[in-house]
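In what follows, a structure is listed as structure tokens, so that the remarks can point back to it.
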Amino acid sequence: MTEFPQVMINLDYLEQNVRTVMGRCADAGVSVAGVVKGATGIAECIEVFAKGGATQIASSRLEQLETAKKLDTGLPLMLIRIPMMSEAADAVRLADISLNSEITVLRELDRQAGIAGKRHGVILMADLGDLREGFWDRTELIDAAVEVETGLQNLELKGVGTNLGCYGAIQPTTEKLDELVSIAEQVEKAIGRNLEIISGGATSSYMRILDGNLPEKINHLRIGEQILNAYDLEKYYGYDLSDMHSDVFTLRAEVVEVKTKPTHPVGEVGVDAFGRRLTYEDRGIRRRAIVAVGKADIGDSDNIFPADGGIEVLGGSSDHTILDVEDAEREIKPGDILDFAVNYGAVLYLTGSANVKIRFHKSVK
Ligand SMILES: *Cc1c(COP(=O)(O)O)cnc(C)c1O
């Protein structure tokens, strides 16, 4: 079989990213769950997260935690998607800690932990406005905390947490995170002891580490993108990430057609392969190339960025990506391999696609 399309992973760069993030967080008194779901929990990546100093290994998917468990890194495993009722037994078997927002699921986790003869750690999630997971009603959260603490003997209430900047794009301002601190204090008052973990969010909350204004009591973050890609905070919020590698992952794809064609489709325009009505800019007749990689592998055509100068991604379908190569700095021909930088979305699809070869690059030290 061909080696392409291929995702090349630089494990040295990944390790340096893990160490940089862990170091900065440690300086702020914050421990970090290394979130591996963005790279589909590839074993080699999990090992690097562990080696680089993550406090826990975290994923939304139990299959990936199973991979982590087999690696025997010695680190606690954290399930960061609130568990399905139907996976409670596996959640208890594979994860040491899970994030939760439903009392009925917590009761089922307790029952399964009892059957397995284990204690399972739980973090109760508070929704502070992003409107994805979490208790909305404070009293309901505190009642759940008290029930876990006093009634669910096989669960250990580890702490509280929140998630921001995902569905509702709500920013983790100090005010929002102070709300989490206040919830933590209310829970501590209700159960009469301190909580071990106050988990203040994901990569977006890392902005507070970079700014040095994370509320004191927040002692934990769950970070994926900033370690795997180190792209979003620079691109969308203007942070200087020059001490990070944003090229841990590189897509390498093969050119299968190079022709001079019109830029505007010819005929009556309807919907594309995904039922969308797009507009096409007419730039006259230009040189274009097709690479053998598509939305099935990268999610969306604008998740990838050509390494070569003068090449532009025009769009694509499930298995084809179309490039404008009219102004390419070198001649492009069928059989050529083109490199692309990739964002989080592309890495998610590439590492999960059965058709993409995963290869590792070790840079010479
Ligand atoms: C995916 C996820 C994270 C990690 O998010 P990044 O933006 O990749 O750092 C953290 N917490 C939860 C609950 C998640 O689902």
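Ordered as shown in the structure tokens, chains take letters A, B, and onward, while each chain numbers its residues from 1 and ligands are numbered from 1 in the order shown.
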
Using only C-alpha atoms, which residues sit within 10 Å of region 269-279 of chain A once same-chain residues fewer than 4 positions away are excluded, as a list in words? His264, Pro265, Gly316, Ser317 and Ser318 of chain A

Please identify every residue of region 208-256 of chain A that has at least one atom no farther than 9 Å from an atom of region 9-32 of chain A, counting only C-alpha atoms, and for each give the shortest atom pair and the distance in Å to one decimal, arranged by chain then increasing number, as JSON lines.
{"residue": "A:Ile209", "atom": "CA", "partner": "A:Cys25", "partner_atom": "CA", "distance": 6.6}
{"residue": "A:Leu210", "atom": "CA", "partner": "A:Arg24", "partner_atom": "CA", "distance": 8.0}
{"residue": "A:Gly212", "atom": "CA", "partner": "A:Ala28", "partner_atom": "CA", "distance": 7.7}
{"residue": "A:Leu214", "atom": "CA", "partner": "A:Ala28", "partner_atom": "CA", "distance": 8.1}
{"residue": "A:Glu216", "atom": "CA", "partner": "A:Gly29", "partner_atom": "CA", "distance": 8.3}
{"residue": "A:Ile218", "atom": "CA", "partner": "A:Val30", "partner_atom": "CA", "distance": 7.2}
{"residue": "A:Asn219", "atom": "CA", "partner": "A:Val30", "partner_atom": "CA", "distance": 4.3}
{"residue": "A:His220", "atom": "CA", "partner": "A:Ser31", "partner_atom": "CA", "distance": 4.8}
{"residue": "A:Leu221", "atom": "CA", "partner": "A:Val32", "partner_atom": "CA", "distance": 5.0}
{"residue": "A:Arg222", "atom": "CA", "partner": "A:Val32", "partner_atom": "CA", "distance": 5.6}
{"residue": "A:Ile223", "atom": "CA", "partner": "A:Val32", "partner_atom": "CA", "distance": 6.7}
{"residue": "A:Gln226", "atom": "CA", "partner": "A:Val21", "partner_atom": "CA", "distance": 7.9}
{"residue": "A:Ile227", "atom": "CA", "partner": "A:Asn17", "partner_atom": "CA", "distance": 5.3}
{"residue": "A:Leu228", "atom": "CA", "partner": "A:Leu14", "partner_atom": "CA", "distance": 6.6}
{"residue": "A:Asn229", "atom": "CA", "partner": "A:Leu14", "partner_atom": "CA", "distance": 8.9}
{"residue": "A:Ala230", "atom": "CA", "partner": "A:Asn17", "partner_atom": "CA", "distance": 8.2}
{"residue": "A:Asp243", "atom": "CA", "partner": "A:Thr20", "partner_atom": "CA", "distance": 7.8}
{"residue": "A:Met244", "atom": "CA", "partner": "A:Asn17", "partner_atom": "CA", "distance": 5.7}
{"residue": "A:His245", "atom": "CA", "partner": "A:Tyr13", "partner_atom": "CA", "distance": 5.9}
{"residue": "A:Ser246", "atom": "CA", "partner": "A:Tyr13", "partner_atom": "CA", "distance": 8.6}
{"residue": "A:Asp247", "atom": "CA", "partner": "A:Tyr13", "partner_atom": "CA", "distance": 7.7}
{"residue": "A:Val248", "atom": "CA", "partner": "A:Asn10", "partner_atom": "CA", "distance": 5.0}
{"residue": "A:Phe249", "atom": "CA", "partner": "A:Ile9", "partner_atom": "CA", "distance": 4.7}
{"residue": "A:Thr250", "atom": "CA", "partner": "A:Ile9", "partner_atom": "CA", "distance": 6.6}

If you take only C-alpha atoms and all ligand atoms and a cut-off of 6 Å, which residues of chain A touch ligand 1, and what are their nearest atom pairs and distances in Å to one decimal, in chain and number order, as a tab-separated table?
residue	atom	partner	partner_atom_place_in_ligand_line	distance
A:Val35	CA	ligand 1	4 (C)	5.6
A:Ile80	CA	ligand 1	13 (C)	4.7
A:Arg81	CA	ligand 1	15 (O)	5.6
A:Asn163	CA	ligand 1	13 (C)	5.7
A:Gly201	CA	ligand 1	11 (N)	5.9
A:Ala202	CA	ligand 1	9 (O)	4.1
A:Thr203	CA	ligand 1	9 (O)	3.7
A:Arg222	CA	ligand 1	10 (C)	4.6
A:Ile223	CA	ligand 1	9 (O)	3.6
A:Gly224	CA	ligand 1	8 (O)	3.5
A:Glu225	CA	ligand 1	8 (O)	3.8

Quick one: write out the picked residues with N, CA, C and O atoms as a short mmCIF file (atom, residue, chain, number, x, y, z; two decimals), in the first residue's frame?
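Result file is selection29.cif:
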data_model
loop_
_atom_site.label_atom_id
_atom_site.label_comp_id
_atom_site.auth_asym_id
_atom_site.auth_seq_id
_atom_site.Cartn_x
_atom_site.Cartn_y
_atom_site.Cartn_z
N VAL A 35 -4.86 16.14 27.56
CA VAL A 35 -6.02 15.64 26.82
C VAL A 35 -5.58 15.11 25.44
O VAL A 35 -5.09 15.86 24.61
N ILE A 80 -13.25 12.74 30.33
CA ILE A 80 -13.68 14.14 30.35
C ILE A 80 -14.97 14.40 29.59
O ILE A 80 -15.45 15.52 29.58
N ARG A 81 -15.54 13.40 28.93
CA ARG A 81 -16.94 13.58 28.52
C ARG A 81 -17.78 12.96 29.60
O ARG A 81 -17.50 11.83 30.05
N ASN A 163 -16.26 24.00 31.96
CA ASN A 163 -15.76 24.00 30.59
C ASN A 163 -16.28 25.26 29.90
O ASN A 163 -17.47 25.57 29.99
N GLY A 201 -10.88 24.51 33.32
CA GLY A 201 -11.17 24.52 31.90
C GLY A 201 -10.07 23.94 31.04
O GLY A 201 -9.21 23.20 31.52
N ALA A 202 -10.12 24.29 29.75
CA ALA A 202 -9.27 23.68 28.73
C ALA A 202 -8.25 24.69 28.21
O ALA A 202 -7.86 25.61 28.93
N THR A 203 -7.84 24.52 26.97
CA THR A 203 -6.84 25.43 26.36
C THR A 203 -7.23 26.89 26.51
O THR A 203 -6.38 27.73 26.78
N ARG A 222 -7.35 21.19 31.97
CA ARG A 222 -7.36 19.99 31.10
C ARG A 222 -7.00 20.49 29.70
O ARG A 222 -7.80 21.18 29.06
N ILE A 223 -5.79 20.18 29.24
CA ILE A 223 -5.28 20.84 28.04
C ILE A 223 -4.94 19.86 26.92
O ILE A 223 -4.22 18.89 27.12
N GLY A 224 -5.51 20.13 25.75
CA GLY A 224 -5.22 19.34 24.56
C GLY A 224 -4.62 20.21 23.46
O GLY A 224 -3.45 20.13 23.15
N GLU A 225 -5.45 21.05 22.87
CA GLU A 225 -5.05 21.82 21.68
C GLU A 225 -3.75 22.59 21.87
O GLU A 225 -2.88 22.59 20.98
#

DSSP alpha helix (DSSP H) residues within region 100-301 of chain A, listed as a PyMOL selection string: chain A and resi 103-116+138-151+174-191+206-211+225-228+232-237+295-298

Can you list, as a list of chain:residue names, all residues belonging to region 85-184 of chain A that DSSP tags as strand (DSSP E or B)?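 Across region 85-184 of chain A, those assigned strand (DSSP E or B) are A:Ile97, A:Ser98, A:Leu99, A:Asn100, A:His120, A:Gly121, A:Val122, A:Ile123, A:Leu124, A:Met125, A:Ala126, A:Phe135, A:Leu155, A:Glu156, A:Leu157, A:Lys158, A:Gly159, A:Val160, A:Gly161, A:Thr162.
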
Would you mind exporting N, CA, C and O atoms of the selected residues as a tab-separated table (two decimals), in the first residue's frame?
chain	number	residue	atom	x	y	z
A	97	ILE	N	-10.99	8.82	37.30
A	97	ILE	CA	-11.77	10.03	37.60
A	97	ILE	C	-12.66	10.32	36.39
A	97	ILE	O	-12.23	10.13	35.25
A	98	SER	N	-13.89	10.81	36.64
A	98	SER	CA	-14.70	11.28	35.52
A	98	SER	C	-15.35	12.60	35.87
A	98	SER	O	-15.52	12.94	37.04
A	99	LEU	N	-15.68	13.37	34.81
A	99	LEU	CA	-16.41	14.62	34.97
A	99	LEU	C	-17.90	14.29	34.89
A	99	LEU	O	-18.29	13.48	34.05
A	100	ASN	N	-18.72	14.91	35.74
A	100	ASN	CA	-20.13	14.52	35.81
A	100	ASN	C	-21.08	15.69	36.01
A	100	ASN	O	-20.70	16.71	36.59
A	120	HIS	N	-14.20	5.29	42.71
A	120	HIS	CA	-14.08	6.08	41.48
A	120	HIS	C	-14.17	7.56	41.84
A	120	HIS	O	-15.07	7.99	42.55
A	121	GLY	N	-13.21	8.33	41.35
A	121	GLY	CA	-13.19	9.76	41.64
A	121	GLY	C	-14.10	10.54	40.71
A	121	GLY	O	-14.18	10.22	39.52
A	122	VAL	N	-14.80	11.54	41.23
A	122	VAL	CA	-15.68	12.34	40.37
A	122	VAL	C	-15.45	13.84	40.59
A	122	VAL	O	-15.14	14.29	41.70
A	123	ILE	N	-15.58	14.56	39.48
A	123	ILE	CA	-15.54	16.02	39.50
A	123	ILE	C	-16.90	16.49	39.00
A	123	ILE	O	-17.38	16.03	37.96
A	124	LEU	N	-17.54	17.37	39.76
A	124	LEU	CA	-18.85	17.87	39.35
A	124	LEU	C	-18.66	19.12	38.51
A	124	LEU	O	-17.95	20.05	38.90
A	125	MET	N	-19.29	19.12	37.35
A	125	MET	CA	-19.12	20.23	36.40
A	125	MET	C	-20.19	21.30	36.61
A	125	MET	O	-21.38	21.00	36.73
A	126	ALA	N	-19.76	22.54	36.61
A	126	ALA	CA	-20.67	23.68	36.69
A	126	ALA	C	-20.69	24.36	35.32
A	126	ALA	O	-19.65	24.63	34.75
A	135	PHE	N	-23.89	21.36	35.70
A	135	PHE	CA	-25.07	21.78	36.46
A	135	PHE	C	-25.28	23.27	36.21
A	135	PHE	O	-24.34	24.05	36.27
A	155	LEU	N	-17.89	6.31	45.54
A	155	LEU	CA	-17.38	7.46	44.79
A	155	LEU	C	-16.58	8.36	45.73
A	155	LEU	O	-16.88	8.45	46.93
A	156	GLU	N	-15.59	9.01	45.16
A	156	GLU	CA	-14.83	10.00	45.93
A	156	GLU	C	-15.00	11.35	45.26
A	156	GLU	O	-14.63	11.51	44.08
A	157	LEU	N	-15.56	12.31	45.95
A	157	LEU	CA	-15.74	13.65	45.39
A	157	LEU	C	-14.38	14.35	45.35
A	157	LEU	O	-13.86	14.79	46.37
A	158	LYS	N	-13.82	14.43	44.14
A	158	LYS	CA	-12.48	15.01	43.97
A	158	LYS	C	-12.53	16.52	43.87
A	158	LYS	O	-11.58	17.20	44.25
A	159	GLY	N	-13.61	17.03	43.27
A	159	GLY	CA	-13.64	18.47	43.11
A	159	GLY	C	-14.75	18.96	42.20
A	159	GLY	O	-15.70	18.23	41.91
A	160	VAL	N	-14.59	20.19	41.75
A	160	VAL	CA	-15.53	20.79	40.80
A	160	VAL	C	-14.75	21.31	39.61
A	160	VAL	O	-13.53	21.53	39.68
A	161	GLY	N	-15.47	21.48	38.50
A	161	GLY	CA	-14.80	21.97	37.30
A	161	GLY	C	-15.77	22.69	36.39
A	161	GLY	O	-16.98	22.72	36.64
A	162	THR	N	-15.23	23.27	35.34
A	162	THR	CA	-16.08	23.91	34.35
A	162	THR	C	-15.46	23.77	32.98
A	162	THR	O	-14.27	23.45	32.86
